[in-house]
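Heads up, model24.pdb below (PDB, C-alpha atoms):
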```
ATOM      1  CA  MET V 168       7.194   8.809 -22.875  1.00  0.00           C
ATOM      2  CA  ALA V 169       9.496   5.837 -23.485  1.00  0.00           C
ATOM      3  CA  ARG V 170      12.346   7.761 -21.896  1.00  0.00           C
ATOM      4  CA  ALA V 171      10.428   8.366 -18.671  1.00  0.00           C
ATOM      5  CA  SER V 172       9.448   4.701 -18.649  1.00  0.00           C
ATOM      6  CA  GLN V 173      13.103   3.714 -19.027  1.00  0.00           C
ATOM      7  CA  GLN V 174      14.128   6.060 -16.201  1.00  0.00           C
ATOM      8  CA  LYS V 175      11.376   4.717 -13.972  1.00  0.00           C
ATOM      9  CA  ARG V 176      12.421   1.126 -14.707  1.00  0.00           C
ATOM     10  CA  ARG V 177      16.041   1.945 -13.849  1.00  0.00           C
ATOM     11  CA  LEU V 178      15.017   3.595 -10.572  1.00  0.00           C
ATOM     12  CA  TYR V 179      12.963   0.536  -9.635  1.00  0.00           C
ATOM     13  CA  GLU V 180      15.888  -1.743 -10.542  1.00  0.00           C
ATOM     14  CA  MET V 181      18.197   0.291  -8.300  1.00  0.00           C
ATOM     15  CA  CYS V 182      15.663   0.064  -5.480  1.00  0.00           C
ATOM     16  CA  ALA V 183      15.365  -3.710  -6.007  1.00  0.00           C
ATOM     17  CA  MET V 184      19.153  -4.057  -5.872  1.00  0.00           C
ATOM     18  CA  ALA V 185      19.209  -2.139  -2.576  1.00  0.00           C
ATOM     19  CA  ILE V 186      16.483  -4.408  -1.164  1.00  0.00           C
ATOM     20  CA  VAL V 187      18.358  -7.545  -2.284  1.00  0.00           C
ATOM     21  CA  ALA V 188      21.566  -6.201  -0.710  1.00  0.00           C
ATOM     22  CA  GLN V 189      19.568  -5.457   2.484  1.00  0.00           C
ATOM     23  CA  ARG V 190      20.460  -1.762   2.338  1.00  0.00           C
ATOM     24  CA  ALA V 191      16.744  -0.939   2.017  1.00  0.00           C
ATOM     25  CA  ASN V 192      13.400  -2.533   2.782  1.00  0.00           C
ATOM     26  CA  LEU V 193       9.880  -2.341   1.382  1.00  0.00           C
ATOM     27  CA  GLU V 194       8.622   0.057   4.063  1.00  0.00           C
ATOM     28  CA  GLY V 195      11.429   2.495   3.342  1.00  0.00           C
ATOM     29  CA  ALA V 196      10.880   2.218  -0.410  1.00  0.00           C
ATOM     30  CA  ALA V 197       7.163   2.924   0.014  1.00  0.00           C
ATOM     31  CA  ARG V 198       7.917   5.847   2.340  1.00  0.00           C
ATOM     32  CA  VAL V 199      10.060   7.581  -0.292  1.00  0.00           C
ATOM     33  CA  GLY V 200       7.459   7.143  -3.018  1.00  0.00           C
ATOM     34  CA  PHE V 201       8.016   3.778  -4.702  1.00  0.00           C
ATOM     35  CA  ASP V 202       4.904   1.741  -5.499  1.00  0.00           C
ATOM     36  CA  VAL V 203       6.127  -1.592  -4.131  1.00  0.00           C
ATOM     37  CA  ASP V 204       3.297  -3.441  -5.909  1.00  0.00           C
ATOM     38  CA  LEU V 205       3.916  -1.954  -9.372  1.00  0.00           C
ATOM     39  CA  PRO V 206       4.443  -4.845 -11.832  1.00  0.00           C
ATOM     40  CA  ILE V 207       7.563  -3.685 -13.647  1.00  0.00           C
ATOM     41  CA  PHE V 208      10.056  -6.579 -13.941  1.00  0.00           C
ATOM     42  CA  SER V 209       9.975  -9.412 -16.495  1.00  0.00           C
ATOM     43  CA  VAL V 210      10.627 -13.023 -15.444  1.00  0.00           C
ATOM     44  CA  GLY V 211      14.276 -12.850 -16.499  1.00  0.00           C
ATOM     45  CA  ARG V 212      14.947  -9.480 -14.898  1.00  0.00           C
ATOM     46  CA  ALA V 213      13.228 -10.392 -11.607  1.00  0.00           C
ATOM     47  CA  ALA V 214      15.217 -13.640 -11.439  1.00  0.00           C
ATOM     48  CA  GLU V 215      18.449 -11.778 -12.195  1.00  0.00           C
ATOM     49  CA  LEU V 216      17.761  -9.144  -9.529  1.00  0.00           C
ATOM     50  CA  ALA V 217      16.900 -11.799  -6.929  1.00  0.00           C
ATOM     51  CA  GLY V 218      19.938 -13.876  -7.869  1.00  0.00           C
ATOM     52  CA  ILE V 219      17.978 -17.012  -8.764  1.00  0.00           C
ATOM     53  CA  HIS V 220      17.435 -19.049 -11.919  1.00  0.00           C
ATOM     54  CA  PRO V 221      14.288 -18.182 -13.919  1.00  0.00           C
ATOM     55  CA  GLN V 222      13.132 -21.806 -13.565  1.00  0.00           C
ATOM     56  CA  THR V 223      13.311 -21.475  -9.773  1.00  0.00           C
ATOM     57  CA  LEU V 224      11.201 -18.336 -10.047  1.00  0.00           C
ATOM     58  CA  ARG V 225       8.604 -20.273 -12.066  1.00  0.00           C
ATOM     59  CA  GLN V 226       8.670 -23.038  -9.435  1.00  0.00           C
ATOM     60  CA  TYR V 227       7.971 -20.481  -6.688  1.00  0.00           C
ATOM     61  CA  ASP V 228       5.188 -19.131  -8.883  1.00  0.00           C
ATOM     62  CA  ARG V 229       3.608 -22.594  -9.249  1.00  0.00           C
ATOM     63  CA  ALA V 230       3.909 -23.151  -5.480  1.00  0.00           C
ATOM     64  CA  GLY V 231       2.087 -19.866  -4.827  1.00  0.00           C
ATOM     65  CA  LEU V 232       4.969 -18.146  -3.023  1.00  0.00           C
ATOM     66  CA  ILE V 233       4.632 -15.233  -5.399  1.00  0.00           C
ATOM     67  CA  VAL V 234       1.755 -14.294  -7.655  1.00  0.00           C
ATOM     68  CA  PRO V 235       2.933 -12.167 -10.559  1.00  0.00           C
ATOM     69  CA  GLN V 236       0.598  -9.781 -12.295  1.00  0.00           C
ATOM     70  CA  ARG V 237      -0.044 -10.229 -15.995  1.00  0.00           C
ATOM     71  CA  THR V 238       0.163  -7.839 -18.918  1.00  0.00           C
ATOM     72  CA  GLU V 239      -2.642  -7.676 -21.465  1.00  0.00           C
ATOM     73  CA  GLY V 240      -0.648 -10.131 -23.577  1.00  0.00           C
ATOM     74  CA  GLY V 241      -0.339 -12.577 -20.656  1.00  0.00           C
ATOM     75  CA  ALA V 242       3.327 -11.958 -19.798  1.00  0.00           C
ATOM     76  CA  ARG V 243       4.281 -12.162 -16.132  1.00  0.00           C
ATOM     77  CA  ARG V 244       5.420  -8.979 -14.405  1.00  0.00           C
ATOM     78  CA  TYR V 245       6.947  -8.809 -10.934  1.00  0.00           C
ATOM     79  CA  SER V 246       7.032  -5.995  -8.385  1.00  0.00           C
ATOM     80  CA  LEU V 247       9.510  -4.908  -5.722  1.00  0.00           C
ATOM     81  CA  ARG V 248       7.439  -6.868  -3.192  1.00  0.00           C
ATOM     82  CA  ASP V 249       7.774  -9.983  -5.383  1.00  0.00           C
ATOM     83  CA  VAL V 250      11.560  -9.549  -5.676  1.00  0.00           C
ATOM     84  CA  ASP V 251      11.783  -9.207  -1.878  1.00  0.00           C
ATOM     85  CA  ARG V 252       9.714 -12.374  -1.422  1.00  0.00           C
ATOM     86  CA  LEU V 253      11.919 -14.225  -3.941  1.00  0.00           C
ATOM     87  CA  VAL V 254      15.066 -13.320  -2.025  1.00  0.00           C
ATOM     88  CA  GLN V 255      13.513 -14.343   1.288  1.00  0.00           C
ATOM     89  CA  ALA V 256      12.204 -17.629  -0.145  1.00  0.00           C
ATOM     90  CA  GLN V 257      15.566 -18.502  -1.674  1.00  0.00           C
ATOM     91  CA  SER V 258      17.351 -17.725   1.583  1.00  0.00           C
ATOM     92  CA  MET V 259      14.947 -19.797   3.696  1.00  0.00           C
ATOM     93  CA  SER V 260      15.142 -22.686   1.250  1.00  0.00           C
ATOM     94  CA  GLN V 261      18.926 -22.834   0.881  1.00  0.00           C
ATOM     95  CA  ARG V 262      20.190 -21.508   4.211  1.00  0.00           C
ATOM     96  CA  ASP V 263      17.534 -22.871   6.556  1.00  0.00           C
ATOM     97  CA  GLY V 264      16.325 -25.926   4.621  1.00  0.00           C
ATOM     98  CA  ILE V 265      12.652 -24.959   4.923  1.00  0.00           C
ATOM     99  CA  ASN V 266      10.278 -26.573   2.433  1.00  0.00           C
ATOM    100  CA  LEU V 267       8.034 -24.514   0.115  1.00  0.00           C
ATOM    101  CA  THR V 268       4.921 -24.997   2.280  1.00  0.00           C
ATOM    102  CA  GLY V 269       6.768 -23.682   5.332  1.00  0.00           C
ATOM    103  CA  ILE V 270       8.190 -20.765   3.351  1.00  0.00           C
ATOM    104  CA  ALA V 271       4.705 -19.855   2.097  1.00  0.00           C
ATOM    105  CA  ARG V 272       3.355 -19.801   5.674  1.00  0.00           C
ATOM    106  CA  ILE V 273       6.279 -17.737   6.988  1.00  0.00           C
ATOM    107  CA  LEU V 274       5.914 -15.167   4.197  1.00  0.00           C
ATOM    108  CA  GLU V 275       2.155 -15.001   4.817  1.00  0.00           C
ATOM    109  CA  LEU V 276       2.713 -14.325   8.535  1.00  0.00           C
ATOM    110  CA  GLU V 277       5.386 -11.708   7.797  1.00  0.00           C
ATOM    111  CA  GLU V 278       3.005  -9.861   5.458  1.00  0.00           C
ATOM    112  CA  GLU V 279       0.239  -9.981   8.069  1.00  0.00           C
ATOM    113  CA  ASN V 280       2.679  -8.616  10.658  1.00  0.00           C
ATOM    114  CA  ARG V 281       3.712  -5.805   8.272  1.00  0.00           C
ATOM    115  CA  GLN V 282       0.064  -4.850   7.693  1.00  0.00           C
ATOM    116  CA  LEU V 283      -0.635  -4.797  11.437  1.00  0.00           C
ATOM    117  CA  ARG V 284       2.393  -2.524  12.029  1.00  0.00           C
ATOM    118  CA  ARG V 285       1.102  -0.138   9.321  1.00  0.00           C
ATOM    119  CA  GLN V 286      -2.354  -0.081  10.925  1.00  0.00           C
ATOM    120  CA  LEU V 287      -0.851   0.585  14.344  1.00  0.00           C
ATOM    121  CA  ALA V 288       1.260   3.433  12.951  1.00  0.00           C
ATOM    122  CA  ARG V 289      -1.847   4.963  11.328  1.00  0.00           C
ATOM    123  CA  LEU V 290      -3.761   4.751  14.600  1.00  0.00           C
ATOM    124  CA  ASN V 291      -0.917   6.457  16.458  1.00  0.00           C
ATOM    125  CA  ASP V 292      -0.248   9.255  13.954  1.00  0.00           C
ATOM    126  CA  GLY V 293      -2.861  11.608  15.438  1.00  0.00           C
ATOM    127  CA  SER V 294      -4.907  12.100  12.289  1.00  0.00           C
ATOM    128  CA  VAL V 295      -8.677  11.903  12.010  1.00  0.00           C
ATOM    129  CA  SER V 296     -10.507   9.751   9.474  1.00  0.00           C
ATOM    130  CA  VAL V 297     -13.741  10.706   7.790  1.00  0.00           C
ATOM    131  CA  PHE V 298     -15.489   8.177   5.571  1.00  0.00           C
ATOM    132  CA  THR V 299     -17.712   8.951   2.610  1.00  0.00           C
ATOM    133  CA  ALA V 300     -19.931   6.606   0.632  1.00  0.00           C
ATOM    134  CA  ASP V 301     -20.969   6.967  -2.979  1.00  0.00           C
ATOM    135  CA  MET V 302     -24.168   5.758  -4.616  1.00  0.00           C
ATOM    136  CA  ASP V 303     -22.540   2.478  -5.679  1.00  0.00           C
ATOM    137  CA  GLY V 304     -21.604   1.637  -2.091  1.00  0.00           C
ATOM    138  CA  GLY V 305     -17.928   2.513  -2.470  1.00  0.00           C
ATOM    139  CA  ILE V 306     -16.326   3.780   0.741  1.00  0.00           C
ATOM    140  CA  THR V 307     -13.564   6.390   0.650  1.00  0.00           C
ATOM    141  CA  GLU V 308     -11.446   7.360   3.635  1.00  0.00           C
ATOM    142  CA  VAL V 309     -10.319  10.964   3.939  1.00  0.00           C
ATOM    143  CA  ARG V 310      -7.577  11.491   6.511  1.00  0.00           C
ATOM    144  CA  ARG V 311      -6.513  14.797   7.939  1.00  0.00           C
ATOM    145  CA  PRO V 312      -4.116  15.642  10.734  1.00  0.00           C
ATOM    146  CA  SER V 313      -5.608  16.593  14.069  1.00  0.00           C
ATOM    147  CA  ARG V 314      -3.725  19.911  13.823  1.00  0.00           C
ATOM    148  CA  ALA V 315      -5.901  20.851  10.831  1.00  0.00           C
ATOM    149  CA  ARG V 316      -8.981  20.441  13.011  1.00  0.00           C
ATOM    150  CA  HIS V 317      -7.584  22.907  15.583  1.00  0.00           C
ATOM    151  CA  TRP V 318      -6.582  25.368  12.862  1.00  0.00           C
ATOM    152  CA  ARG V 319     -10.074  25.249  11.345  1.00  0.00           C
ATOM    153  CA  ARG V 320     -11.635  25.857  14.759  1.00  0.00           C
ATOM    154  CA  GLN V 321      -9.582  29.039  15.125  1.00  0.00           C
ATOM    155  CA  LEU V 322     -10.973  30.320  11.824  1.00  0.00           C
ATOM    156  CA  HIS V 323     -14.590  29.467  12.636  1.00  0.00           C
ATOM    157  CA  PRO V 324     -14.973  29.544  16.408  1.00  0.00           C
ATOM    158  CA  GLN V 325     -18.780  29.624  16.316  1.00  0.00           C
ATOM    159  CA  THR V 326     -20.423  26.426  15.098  1.00  0.00           C
ATOM    160  CA  ARG V 327     -23.964  26.170  13.858  1.00  0.00           C
ATOM    161  CA  GLN V 328     -26.421  23.373  14.160  1.00  0.00           C
ATOM    162  CA  LEU V 329     -28.595  22.598  11.170  1.00  0.00           C
ATOM    163  CA  SER V 330     -32.252  22.296  12.010  1.00  0.00           C
ATOM    164  CA  ALA V 331     -35.304  21.227  10.054  1.00  0.00           C
ATOM    165  CA  GLY V 332     -36.574  24.820   9.969  1.00  0.00           C
ATOM    166  CA  ALA V 333     -35.311  27.675   7.840  1.00  0.00           C
ATOM    167  CA  SER V 334     -33.503  29.467  10.674  1.00  0.00           C
ATOM    168  CA  HIS V 335     -30.127  28.500  12.046  1.00  0.00           C
ATOM    169  CA  ARG V 336     -29.268  29.041  15.689  1.00  0.00           C
ATOM    170  CA  PRO V 337     -25.770  28.839  17.168  1.00  0.00           C
ATOM    171  CA  ALA V 338     -25.137  25.488  18.829  1.00  0.00           C
ATOM    172  CA  GLN V 339     -24.759  25.328  22.581  1.00  0.00           C
ATOM    173  CA  THR V 340     -22.023  22.710  22.401  1.00  0.00           C
ATOM    174  CA  GLU V 341     -19.598  21.824  19.701  1.00  0.00           C
ATOM    175  CA  SER V 342     -20.436  18.659  17.809  1.00  0.00           C
ATOM    176  CA  LYS V 343     -17.756  16.167  16.818  1.00  0.00           C
ATOM    177  CA  SER V 344     -19.901  14.423  14.241  1.00  0.00           C
ATOM    178  CA  VAL V 345     -19.798  14.928  10.505  1.00  0.00           C
ATOM    179  CA  VAL V 346     -22.779  14.498   8.221  1.00  0.00           C
ATOM    180  CA  LEU V 347     -22.084  13.799   4.575  1.00  0.00           C
ATOM    181  CA  TRP V 348     -24.780  13.536   1.939  1.00  0.00           C
ATOM    182  CA  HIS V 349     -25.206  13.444  -1.786  1.00  0.00           C
ATOM    183  CA  THR V 350     -28.214  14.920  -3.520  1.00  0.00           C
ATOM    184  CA  ILE V 351     -29.390  13.656  -6.873  1.00  0.00           C
ATOM    185  CA  TYR V 352     -31.331  16.052  -9.058  1.00  0.00           C
ATOM    186  CA  ARG V 353     -33.663  14.434 -11.587  1.00  0.00           C
TER     187      ARG V 353
END
```
Just dump the structure as structure tokens.
Amino acid sequence: MARASQQKRRLYEMCAMAIVAQRANLEGAARVGFDVDLPIFSVGRAAELAGIHPQTLRQYDRAGLIVPQRTEGGARRYSLRDVDRLVQAQSMSQRDGINLTGIARILELEEENRQLRRQLARLNDGSVSVFTADMDGGITEVRRPSRARHWRRQLHPQTRQLSAGASHRPAQTESKSVVLWHTIYR
């Protein structure tokens, strides 16, 4: 297991180096299967990858520019997203002369913009969402492509409407609603 962990760490380091060199970005890394929020880098390694001093990294941490995750022992761990934010913060600070408050606001707006682009892409991808709720109030989204809906319709061209009685009659029109329920047997 340690070997796979070492390989995974090396892959994430290579991805971080590509992001720092601007040959890749977070969206592309996520698209190919990297978990951009996986806390994998130590303070020293994250600082080295971002090309900054570990004390500068701690200063950005205190200012709230990045919020590292913690291990069970309390050690800080940084993700690809954190490394990207470190590089951006360092660039804005040194190249553009922006103070830490301004950098924090810019990074916040960039993240909001990234989330809005992801939402827009999801809305335009042609898939259908179905939501389910469990007994604890947790909501789960199940997405399926619209093509799957057409394929299913070809297999089952006749729909049925559930009624309160024991008999089922074919529906006159096709319904686009989905009813989900969970029965508890006591």
Determine the residue set returned by the PyMOL selection byres ((chain V and resi 237) around 12) for the present structure, and present it as a ChimeraX atom specification.
-> /V:205-210,234-236,238-246
From the list V:Ile219, V:Ala230, V:Ala288, V:Leu283, which residue is nearest V:Ser258 when using all atoms listed in the file?
-> V:Ile219
Selection result of the PyMOL selection byres ((chain V and resi 224) around 12) on this file, as a PyMOL selection string | chain V and resi 209-223+225-235+243-245+249-250+252-254+256-257
Using all atoms of stretch 256-260 of chain V listed in the file and a margin of 6 Å per side, can you give the axis-aligned box centre and edge lengths in Å to one decimal, as AutoDock Vina command-line options?
```
--center_x 14.8 --center_y -20.2 --center_z 1.0 --size_x 17.1 --size_y 17.1 --size_z 17.4
```
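Atom CA of V:Leu276 is found 24.4 Å from atom CA of V:Asp292.
Of note, atom CA of V:Val187 and atom CA of V:Asp251 are spaced 6.8 Å apart.
Note that the spacing between atom CA of V:Arg289 and atom CA of V:Ile273 amounts to 24.5 Å.
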In terms of the shortest atom-to-atom distance over only C-alpha atoms, which of V:Leu178, V:Ser172, V:Leu193, V:Gly264 is closest to V:Arg281?
-> V:Leu193
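Ranking V:Gln255, V:Gln174, V:Asn266, V:Asn280 by their shortest atom-to-atom distance to V:Ile186, with only C-alpha atoms included, puts V:Gln255 first.
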